[in-house]
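*Asks:* File protein.txt below, compact mmCIF, C-alpha atoms:
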```
# COMPACT_ATOMS: atom_id res chain seq x y z
CA MET I 35 129.68 102.33 158.12
CA SER I 36 129.07 104.19 154.84
CA LYS I 37 130.44 102.47 151.76
CA ILE I 38 134.15 102.95 151.11
CA PRO I 39 134.85 102.46 147.40
CA PHE I 40 138.08 101.09 146.04
CA ASN I 41 138.62 104.16 143.89
CA LYS I 42 137.03 107.46 142.88
CA CYS I 43 138.06 110.40 140.73
CA VAL I 44 138.29 113.63 142.73
CA ASN I 45 138.33 117.11 141.17
CA ALA I 46 141.61 118.72 142.14
CA GLY I 47 141.77 122.06 140.32
CA ASN I 48 140.28 123.68 137.23
CA GLU I 49 138.66 120.57 135.71
CA LEU I 50 135.08 121.89 135.80
CA ASP I 51 136.08 125.38 134.64
CA TYR I 52 137.88 123.92 131.63
CA VAL I 53 135.00 121.59 130.74
CA THR I 54 132.56 124.50 131.05
CA ASP I 55 134.76 126.49 128.69
CA VAL I 56 134.55 123.73 126.09
CA VAL I 57 130.76 123.60 126.40
CA SER I 58 130.31 127.37 126.26
CA THR I 59 132.55 127.81 123.21
CA GLY I 60 131.26 124.72 121.40
CA ARG I 61 134.76 123.52 120.56
CA PHE I 62 134.14 119.81 121.17
CA GLY I 63 136.31 118.48 118.37
CA VAL I 64 139.81 117.08 118.39
CA ASP I 65 143.16 118.86 118.10
CA GLY I 66 142.09 121.81 120.20
CA THR I 67 143.81 123.95 122.80
CA TYR I 68 143.29 121.58 125.72
CA LYS I 69 144.65 118.55 123.89
CA SER I 70 147.69 120.55 122.85
CA ARG I 71 148.28 121.77 126.41
CA CYS I 72 148.05 118.23 127.79
CA GLU I 73 150.56 116.98 125.23
CA THR I 74 152.92 119.84 126.03
CA TRP I 75 152.68 119.02 129.75
CA LEU I 76 153.50 115.37 129.10
CA LYS I 77 156.30 116.11 126.66
CA ASP I 78 157.91 118.48 129.16
CA HIS I 79 157.43 116.10 132.10
CA TYR I 80 159.15 113.26 130.26
CA ASP I 81 161.58 115.46 128.32
CA ALA I 82 160.37 113.28 125.46
CA THR I 83 160.69 113.48 121.71
CA ASP I 84 156.93 113.90 121.70
CA ALA I 85 153.71 112.94 123.46
CA ILE I 86 150.45 112.02 121.75
CA LEU I 87 147.20 112.06 123.66
CA THR I 88 144.92 109.08 122.95
CA GLN I 89 141.44 107.98 123.90
CA SER I 90 142.85 105.19 126.08
CA CYS I 91 146.04 103.42 127.04
CA THR I 92 144.74 100.56 124.90
CA ASP I 93 144.86 102.89 121.88
CA ALA I 94 148.42 103.86 122.76
CA LEU I 95 149.48 100.21 123.05
CA GLU I 96 147.87 99.40 119.70
CA MET I 97 149.78 102.28 118.15
CA ALA I 98 153.00 100.89 119.64
CA ALA I 99 152.28 97.55 117.96
CA MET I 100 151.76 99.33 114.63
CA LEU I 101 154.99 101.31 115.06
CA ALA I 102 156.83 98.02 115.59
CA ASN I 103 155.32 96.64 112.35
CA ILE I 104 154.10 93.59 114.22
CA GLY I 105 152.74 90.77 112.06
CA PRO I 106 152.12 87.02 112.03
CA GLY I 107 155.19 85.06 113.07
CA ASP I 108 156.54 87.80 115.33
CA GLU I 109 156.90 87.18 119.06
CA VAL I 110 156.23 89.70 121.80
CA ILE I 111 157.48 89.12 125.37
CA MET I 112 155.36 90.43 128.25
CA PRO I 113 154.29 89.51 131.77
CA SER I 114 151.23 87.37 132.28
CA PHE I 115 150.37 89.45 135.35
CA THR I 116 148.86 92.40 133.48
CA PHE I 117 145.61 93.59 131.93
CA SER I 118 144.36 92.08 128.67
CA SER I 119 145.01 95.34 126.77
CA THR I 120 148.76 94.71 126.99
CA ALA I 121 148.28 91.45 125.11
CA ASN I 122 145.42 92.45 122.81
CA ALA I 123 147.42 95.27 121.23
CA PHE I 124 149.93 92.81 119.79
CA ALA I 125 147.63 89.84 119.28
CA LEU I 126 145.49 92.03 117.00
CA ARG I 127 148.50 92.37 114.68
CA GLY I 128 148.99 88.58 114.58
CA ALA I 129 151.90 88.24 117.02
CA THR I 130 152.53 85.24 119.23
CA LEU I 131 152.44 86.33 122.87
CA VAL I 132 155.27 85.01 125.03
CA PHE I 133 154.45 85.24 128.73
CA THR I 134 157.28 85.26 131.26
CA ASP I 135 157.28 85.20 135.03
CA ILE I 136 157.61 88.22 137.30
CA ASP I 137 160.08 89.16 140.00
CA PRO I 138 158.68 88.20 143.45
CA VAL I 139 159.80 91.53 144.97
CA THR I 140 158.73 94.16 142.41
CA LEU I 141 156.04 92.07 140.64
CA ASN I 142 157.53 93.30 137.34
CA LEU I 143 159.09 91.33 134.48
CA ASP I 144 162.02 89.24 135.68
CA PRO I 145 164.90 90.01 133.27
CA LYS I 146 166.38 86.54 133.81
CA GLU I 147 163.16 84.99 132.53
CA VAL I 148 162.97 87.45 129.65
CA ALA I 149 166.50 86.56 128.54
CA LYS I 150 165.52 82.88 128.36
CA ALA I 151 162.43 83.70 126.31
CA VAL I 152 164.14 85.70 123.53
CA THR I 153 164.28 83.98 120.13
CA ASP I 154 165.13 85.16 116.63
CA LYS I 155 161.41 85.94 116.24
CA THR I 156 161.26 88.32 119.21
CA LYS I 157 160.28 91.79 117.99
CA VAL I 158 159.07 93.63 121.10
CA ILE I 159 159.54 93.44 124.88
CA VAL I 160 156.67 94.96 126.86
CA PRO I 161 157.58 95.75 130.49
CA VAL I 162 154.67 96.66 132.78
CA ASP I 163 155.44 98.93 135.74
CA TYR I 164 153.21 97.27 138.31
CA ALA I 165 151.77 99.65 140.92
CA GLY I 166 153.96 102.37 139.40
CA HIS I 167 157.21 100.67 140.43
CA PRO I 168 159.75 100.82 137.58
CA CYS I 169 160.95 97.70 135.80
CA ASP I 170 164.66 96.93 135.58
CA MET I 171 165.07 98.82 132.33
CA VAL I 172 168.87 98.62 132.34
CA ALA I 173 168.74 94.82 132.25
CA LEU I 174 165.91 94.74 129.71
CA ARG I 175 167.66 97.23 127.46
CA GLU I 176 170.81 95.12 127.57
CA ILE I 177 168.81 92.07 126.51
CA ALA I 178 167.25 93.98 123.60
CA ASP I 179 170.54 95.54 122.49
CA ASN I 180 172.40 92.22 122.54
CA ALA I 181 169.89 90.44 120.34
CA PRO I 182 170.92 89.96 116.69
CA GLN I 183 167.69 91.61 115.48
CA ASP I 184 166.13 94.95 116.37
CA ILE I 185 163.86 94.67 119.41
CA MET I 186 161.60 97.54 120.41
CA ILE I 187 160.91 98.15 124.09
CA ALA I 188 157.34 99.37 124.48
CA GLU I 189 156.76 100.09 128.15
CA ASP I 190 153.26 99.76 129.56
CA ALA I 191 153.56 102.55 132.13
CA ALA I 192 149.79 102.83 132.60
CA GLN I 193 150.15 102.97 136.39
CA ALA I 194 153.39 104.94 136.60
CA LEU I 195 152.73 108.63 135.94
CA MET I 196 154.58 110.76 138.54
CA ALA I 197 156.79 107.84 139.61
CA SER I 198 160.50 108.28 139.03
CA GLU I 199 163.78 106.46 139.48
CA ASN I 200 167.01 108.30 140.19
CA GLY I 201 165.19 111.52 139.42
CA ARG I 202 163.94 110.50 135.97
CA PRO I 203 160.28 109.74 135.19
CA VAL I 204 159.37 106.08 134.82
CA GLY I 205 158.92 105.37 131.11
CA VAL I 206 161.75 107.42 129.64
CA HIS I 207 164.11 104.49 129.00
CA ALA I 208 161.83 102.68 126.55
CA ASP I 209 161.55 103.40 122.82
CA VAL I 210 157.91 104.24 123.49
CA SER I 211 155.82 104.11 126.64
CA THR I 212 152.09 104.25 127.23
CA LEU I 213 150.02 105.94 129.94
CA SER I 214 146.48 105.52 131.21
CA PHE I 215 144.12 108.18 132.50
CA HIS I 216 141.36 105.69 133.24
CA ASN I 217 139.16 106.42 136.23
CA THR I 218 141.24 104.06 138.39
CA LYS I 219 144.51 105.89 137.75
CA ASN I 220 146.15 108.66 139.80
CA ILE I 221 145.56 111.29 137.13
CA ALA I 222 142.25 110.53 135.47
CA CYS I 223 139.63 111.78 133.02
CA GLY I 224 137.31 108.77 133.00
CA GLU I 225 139.01 107.20 129.99
CA GLY I 226 142.16 108.42 128.27
CA GLY I 227 145.78 107.64 127.52
CA ALA I 228 148.98 108.80 125.89
CA LEU I 229 151.84 107.50 123.80
CA ILE I 230 155.22 108.87 124.88
CA ILE I 231 157.80 108.84 122.07
CA ASN I 232 161.39 108.58 123.29
CA ASN I 233 162.96 107.39 120.03
CA GLU I 234 163.02 109.92 117.19
CA ILE I 235 162.52 107.25 114.51
CA TYR I 236 158.90 106.72 115.62
CA LYS I 237 157.86 110.36 115.81
CA LYS I 238 156.43 111.20 112.38
CA ARG I 239 154.74 107.86 111.84
CA SER I 240 153.04 108.06 115.25
CA TYR I 241 151.24 111.21 114.07
CA ILE I 242 149.96 109.36 111.01
CA LEU I 243 148.82 106.32 112.98
CA SER I 244 146.83 108.46 115.44
CA GLU I 245 145.15 110.32 112.57
CA LYS I 246 143.54 107.30 110.90
CA GLY I 247 146.54 106.73 108.66
CA THR I 248 146.52 110.20 107.15
CA ASN I 249 149.23 112.87 107.09
CA ARG I 250 146.77 115.40 108.51
CA LYS I 251 149.27 116.57 111.14
CA ALA I 252 151.75 117.58 108.43
CA PHE I 253 148.96 119.51 106.69
CA PHE I 254 148.14 121.48 109.86
CA LEU I 255 151.85 122.19 110.34
CA GLY I 256 151.97 123.65 106.82
CA GLU I 257 154.38 121.00 105.57
CA ILE I 258 152.02 119.86 102.75
CA ASP I 259 149.16 121.57 100.89
CA LYS I 260 146.66 118.74 101.35
CA TYR I 261 146.50 115.53 103.29
CA SER I 262 145.62 112.00 102.26
CA TRP I 263 145.63 108.37 103.39
CA VAL I 264 149.27 107.20 103.51
CA ASP I 265 149.44 104.32 106.04
CA ILE I 266 147.38 102.15 108.35
CA GLY I 267 146.02 103.97 111.38
CA THR I 268 143.38 104.29 114.04
CA SER I 269 141.05 106.90 115.50
CA ALA I 270 142.97 107.59 118.70
CA VAL I 271 142.57 111.34 119.20
CA PRO I 272 140.43 112.31 122.24
CA SER I 273 137.81 115.05 122.26
CA GLU I 274 138.37 118.47 123.81
CA MET I 275 135.95 117.56 126.59
CA THR I 276 138.20 114.72 127.72
CA SER I 277 141.33 116.80 127.25
CA ALA I 278 139.93 119.73 129.21
CA TYR I 279 139.19 117.61 132.28
CA LEU I 280 142.57 115.89 132.00
CA LEU I 281 144.45 119.20 131.89
CA GLY I 282 142.89 120.19 135.21
CA GLN I 283 144.21 116.95 136.69
CA LEU I 284 147.69 117.24 135.17
CA GLU I 285 148.09 120.76 136.56
CA LYS I 286 147.55 119.32 140.06
CA ALA I 287 149.59 116.15 139.54
CA ASP I 288 152.09 116.97 142.29
CA GLU I 289 149.38 117.68 144.86
CA ILE I 290 147.42 114.55 143.92
CA THR I 291 150.56 112.43 144.23
CA LEU I 292 151.42 113.84 147.65
CA SER I 293 147.91 113.12 148.91
CA ARG I 294 148.10 109.53 147.72
CA ARG I 295 151.59 109.11 149.18
CA LYS I 296 150.23 110.24 152.55
CA ALA I 297 147.60 107.49 152.43
CA TRP I 298 150.16 104.96 151.18
CA ASP I 299 152.46 105.72 154.12
CA ILE I 300 149.58 105.35 156.58
CA TYR I 301 148.77 101.90 155.21
CA TYR I 302 152.44 100.91 155.12
CA ASP I 303 153.09 101.81 158.76
CA ALA I 304 149.84 100.31 160.04
CA PHE I 305 150.33 96.95 158.36
CA ALA I 306 153.91 96.44 159.59
CA LYS I 307 152.55 94.23 162.36
CA LEU I 308 150.97 91.90 159.79
CA GLU I 309 154.31 91.52 158.04
CA SER I 310 156.12 90.85 161.33
CA ARG I 311 153.64 88.06 162.06
CA GLY I 312 154.09 86.53 158.60
CA VAL I 313 150.43 87.07 157.75
CA ALA I 314 150.99 89.49 154.87
CA ARG I 315 153.76 91.16 152.90
CA ARG I 316 153.74 94.87 152.13
CA PRO I 317 154.96 96.42 148.85
CA VAL I 318 158.70 96.88 148.45
CA VAL I 319 159.90 100.20 147.01
CA ASN I 320 163.60 100.65 146.18
CA ASN I 321 165.37 103.65 147.72
CA SER I 322 166.10 105.04 144.24
CA VAL I 323 162.39 105.18 143.42
CA TYR I 324 159.93 108.02 144.03
CA ASN I 325 156.72 106.16 144.76
CA ASN I 326 153.65 107.59 142.97
CA ALA I 327 151.36 105.67 145.38
CA HIS I 328 149.25 104.33 142.57
CA MET I 329 148.36 101.29 144.60
CA PHE I 330 148.74 99.80 148.05
CA TYR I 331 148.52 96.05 148.05
CA LEU I 332 149.07 93.23 150.50
CA LEU I 333 150.24 89.72 149.62
CA LEU I 334 148.49 87.35 152.00
CA GLU I 335 149.90 84.00 153.11
CA SER I 336 147.21 82.00 151.28
CA ASN I 337 144.45 82.29 148.72
CA GLU I 338 141.91 81.28 151.35
CA LEU I 339 142.94 84.09 153.68
CA ARG I 340 142.95 86.63 150.83
CA ASN I 341 139.43 85.63 149.78
CA LYS I 342 138.21 85.74 153.38
CA LEU I 343 139.59 89.27 153.77
CA ILE I 344 137.92 90.48 150.56
CA ARG I 345 134.62 88.89 151.58
CA GLU I 346 134.56 90.23 155.13
CA LEU I 347 135.65 93.71 154.07
CA ARG I 348 132.80 93.70 151.56
CA ASP I 349 130.42 92.78 154.37
CA ARG I 350 131.63 95.98 156.10
CA ASN I 351 131.03 98.06 152.93
CA ILE I 352 134.74 98.31 152.10
CA SER I 353 135.75 97.53 148.52
CA ALA I 354 139.22 95.91 148.43
CA PRO I 355 139.56 93.80 145.27
CA PHE I 356 142.10 91.28 144.02
CA HIS I 357 143.83 92.07 140.73
CA TYR I 358 144.84 90.33 137.50
CA ILE I 359 143.93 86.77 136.61
CA PRO I 360 147.06 85.50 134.79
CA LEU I 361 146.85 85.84 131.02
CA HIS I 362 148.92 82.73 130.30
CA SER I 363 146.20 80.45 131.70
CA ALA I 364 143.21 82.46 130.41
CA PRO I 365 141.31 81.03 127.41
CA ALA I 366 142.63 83.69 125.00
CA GLY I 367 146.15 83.41 126.40
CA LEU I 368 146.22 79.68 125.80
CA LYS I 369 145.07 80.25 122.22
CA LEU I 370 147.20 83.27 121.33
CA GLY I 371 150.44 82.68 123.21
CA ARG I 372 152.62 80.48 125.35
CA ALA I 373 154.19 80.63 128.76
CA THR I 374 157.89 80.17 129.41
CA GLY I 375 158.91 78.56 132.69
CA ASN I 376 156.49 77.42 135.37
CA MET I 377 155.01 80.90 136.09
CA ALA I 378 155.02 80.07 139.81
CA VAL I 379 155.45 83.66 141.03
CA THR I 380 152.69 84.95 138.76
CA ASP I 381 150.25 82.29 139.94
CA LYS I 382 151.10 82.86 143.61
CA VAL I 383 150.80 86.64 143.42
CA SER I 384 147.52 86.48 141.51
CA SER I 385 145.97 84.20 144.12
CA THR I 386 147.11 86.13 147.22
CA LEU I 387 147.13 89.85 146.34
CA ILE I 388 144.53 92.31 147.64
CA ARG I 389 144.38 96.06 146.97
CA MET I 390 143.38 98.66 149.53
CA PRO I 391 141.09 101.63 148.70
CA MET I 392 143.18 104.42 147.20
CA TRP I 393 142.34 107.88 145.86
CA ASN I 394 143.19 111.53 146.37
CA GLY I 395 141.96 112.16 149.93
CA VAL I 396 141.57 108.55 151.09
CA ASP I 397 144.00 109.28 153.94
CA GLN I 398 141.05 110.82 155.80
CA ILE I 399 139.27 107.47 156.11
CA ALA I 400 142.22 105.05 155.81
CA GLY I 401 142.01 104.38 159.54
CA GLN I 402 138.61 102.72 159.08
CA VAL I 403 140.05 100.38 156.46
CA ILE I 404 143.07 99.58 158.60
CA ASP I 405 140.99 98.83 161.69
CA ALA I 406 138.77 96.47 159.71
CA VAL I 407 141.72 94.64 158.12
CA LEU I 408 143.53 94.20 161.43
CA GLU I 409 140.40 92.98 163.17
CA ILE I 410 139.65 90.41 160.45
CA LEU I 411 143.23 89.12 160.35
CA ASP I 412 143.70 89.10 164.12
```
Write out the structure in this file as structure tokens.
*Replies:*
Amino acid sequence: MSKIPFNKCVNAGNELDYVTDVVSTGRFGVDGTYKSRCETWLKDHYDATDAILTQSCTDALEMAAMLANIGPGDEVIMPSFTFSSTANAFALRGATLVFTDIDPVTLNLDPKEVAKAVTDKTKVIVPVDYAGHPCDMVALREIADNAPQDIMIAEDAAQALMASENGRPVGVHADVSTLSFHNTKNIACGEGGALIINNEIYKKRSYILSEKGTNRKAFFLGEIDKYSWVDIGTSAVPSEMTSAYLLGQLEKADEITLSRRKAWDIYYDAFAKLESRGVARRPVVNNSVYNNAHMFYLLLESNELRNKLIRELRDRNISAPFHYIPLHSAPAGLKLGRATGNMAVTDKVSSTLIRMPMWNGVDQIAGQVIDAVLEILD
């Protein structure tokens, strides 16, 4: 069997034409036509106050931490079952990270655990939409609104582009949300991200932060006659090369999502027999949710069985990895934060989850993966 990778980025439309245009015109810099078109697409998709393209989702998260004016003594609540970028963005500003457990069904932040973790030092809640499935934003917003201090909700929606709930895109209910266009994501450009602004109070400052702390955006808009350094900031703006490839992907976002959903449904139906036998649990998607098929995972009955499946699939040239190692028990997590509760769900999920190969077009070879999984777990 030829090697089946876990993920690959597939050209879906005009990506190469747009990149060729950048090369032929020599317009490699930032703030060009392609960046602007990507931001317009995102702003329209989310019906947002604004959208700012960044070089990575990590950049967008770091900008969210700056917008929240995070500093030493502040506390930021987040899941432990997430990538280190979620934590780093706030740890870099001096915050104490407060890790809470996840819901066993959605694998997202459990609002009941979040409510218990809020203190008078809590400044931000960071939901992570695992596998593109939306967090319970109504409950999290209620927690934030009922606190005596202002609490920003900065949603890590890295995996959620094209997912929606009750017809609204995942990420619109937070003050700000962040997206990833990393090579492993549904819509990808190798490395890229975006900050979606849903709260007007963060709009103007977000421009400054993304432009190295200068009011350069206001200068280009003709609002001032020269620009200067006015705040802290970072170099978050992507090149036109990155933006050009991304625009080709965004223009085909619906088609890419449908292709992935086809593969997701194939996996879901085929693995029903594993669930009926109690060997594995499939993802749960609420009826109100439009699934963006970012990921198809299985939760095995034990760590030993999960590891055996990964190992034997690898022997058959199929890449099916586990996912996050919990942050609360990682060396940096122990130093920079604390866990609330026993984190039992997080630890169990981390030790038993396996992800199936997923990309635009994987439905054509999904049967090979399914046959191998069923044979190994028989």
*Asks:* List every protein, DNA or RNA residue with an atom no more than 12 Å from (148.5, 93.0, 126.5) in the file's coordinates, counting only C-alpha atoms, and format the result as a PyMOL selection string.
*Replies:* chain I and resi 91-96+98-99+110-127+129-133+158-162+188-190+192+212+358+360-362+366-367+370-371
*Asks:* Give the answer as one residue: which of I:Lys369, I:His79, I:Lys150, I:Lys251 has the shortest atom-to-atom distance to I:Leu174, using only C-alpha atoms?
*Replies:*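 Looking only at the distances to I:Leu174, the closest residue turns out to be I:Lys150.
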*Asks:* May I ask which of the residues I:Ala364, I:Cys72, I:Ile230, I:Ile221 is the closest one to I:Met97, counting only C-alpha atoms?
*Replies:*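 Among the listed residues, the smallest separation from I:Met97 belongs to I:Ile230.
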*Asks:* Is it possible to get the residues within 9 Å of (144.8, 89.0, 162.0) (coordinates as in the file, counting only C-alpha atoms) written as a PyMOL selection string?
*Replies:* chain I and resi 308+311+313+407-412
*Asks:* With stretch 279-301 of chain I as the partner and 7 Å as the cut-off, tabulate the residues of stretch 315-364 of chain I that qualify, each row holding the nearest pair of atoms and their distance in Å to one decimal, using all atoms listed in the file, sorted by chain and rising number, as JSON lines.
*Replies:*
```
{"residue": "I:Asn326", "atom": "CA", "partner": "I:Thr291", "partner_atom": "CA", "distance": 5.9}
{"residue": "I:Ala327", "atom": "CA", "partner": "I:Arg295", "partner_atom": "CA", "distance": 5.1}
{"residue": "I:Phe330", "atom": "CA", "partner": "I:Trp298", "partner_atom": "CA", "distance": 6.2}
```
*Asks:* If you count all atoms listed in the file, which residues fall within 9 Å of I:Leu243, apart from same-chain ones fewer than 2 positions away, as a ChimeraX atom specification?
*Replies:* /I:97,100-101,239-241,245-249,265-270
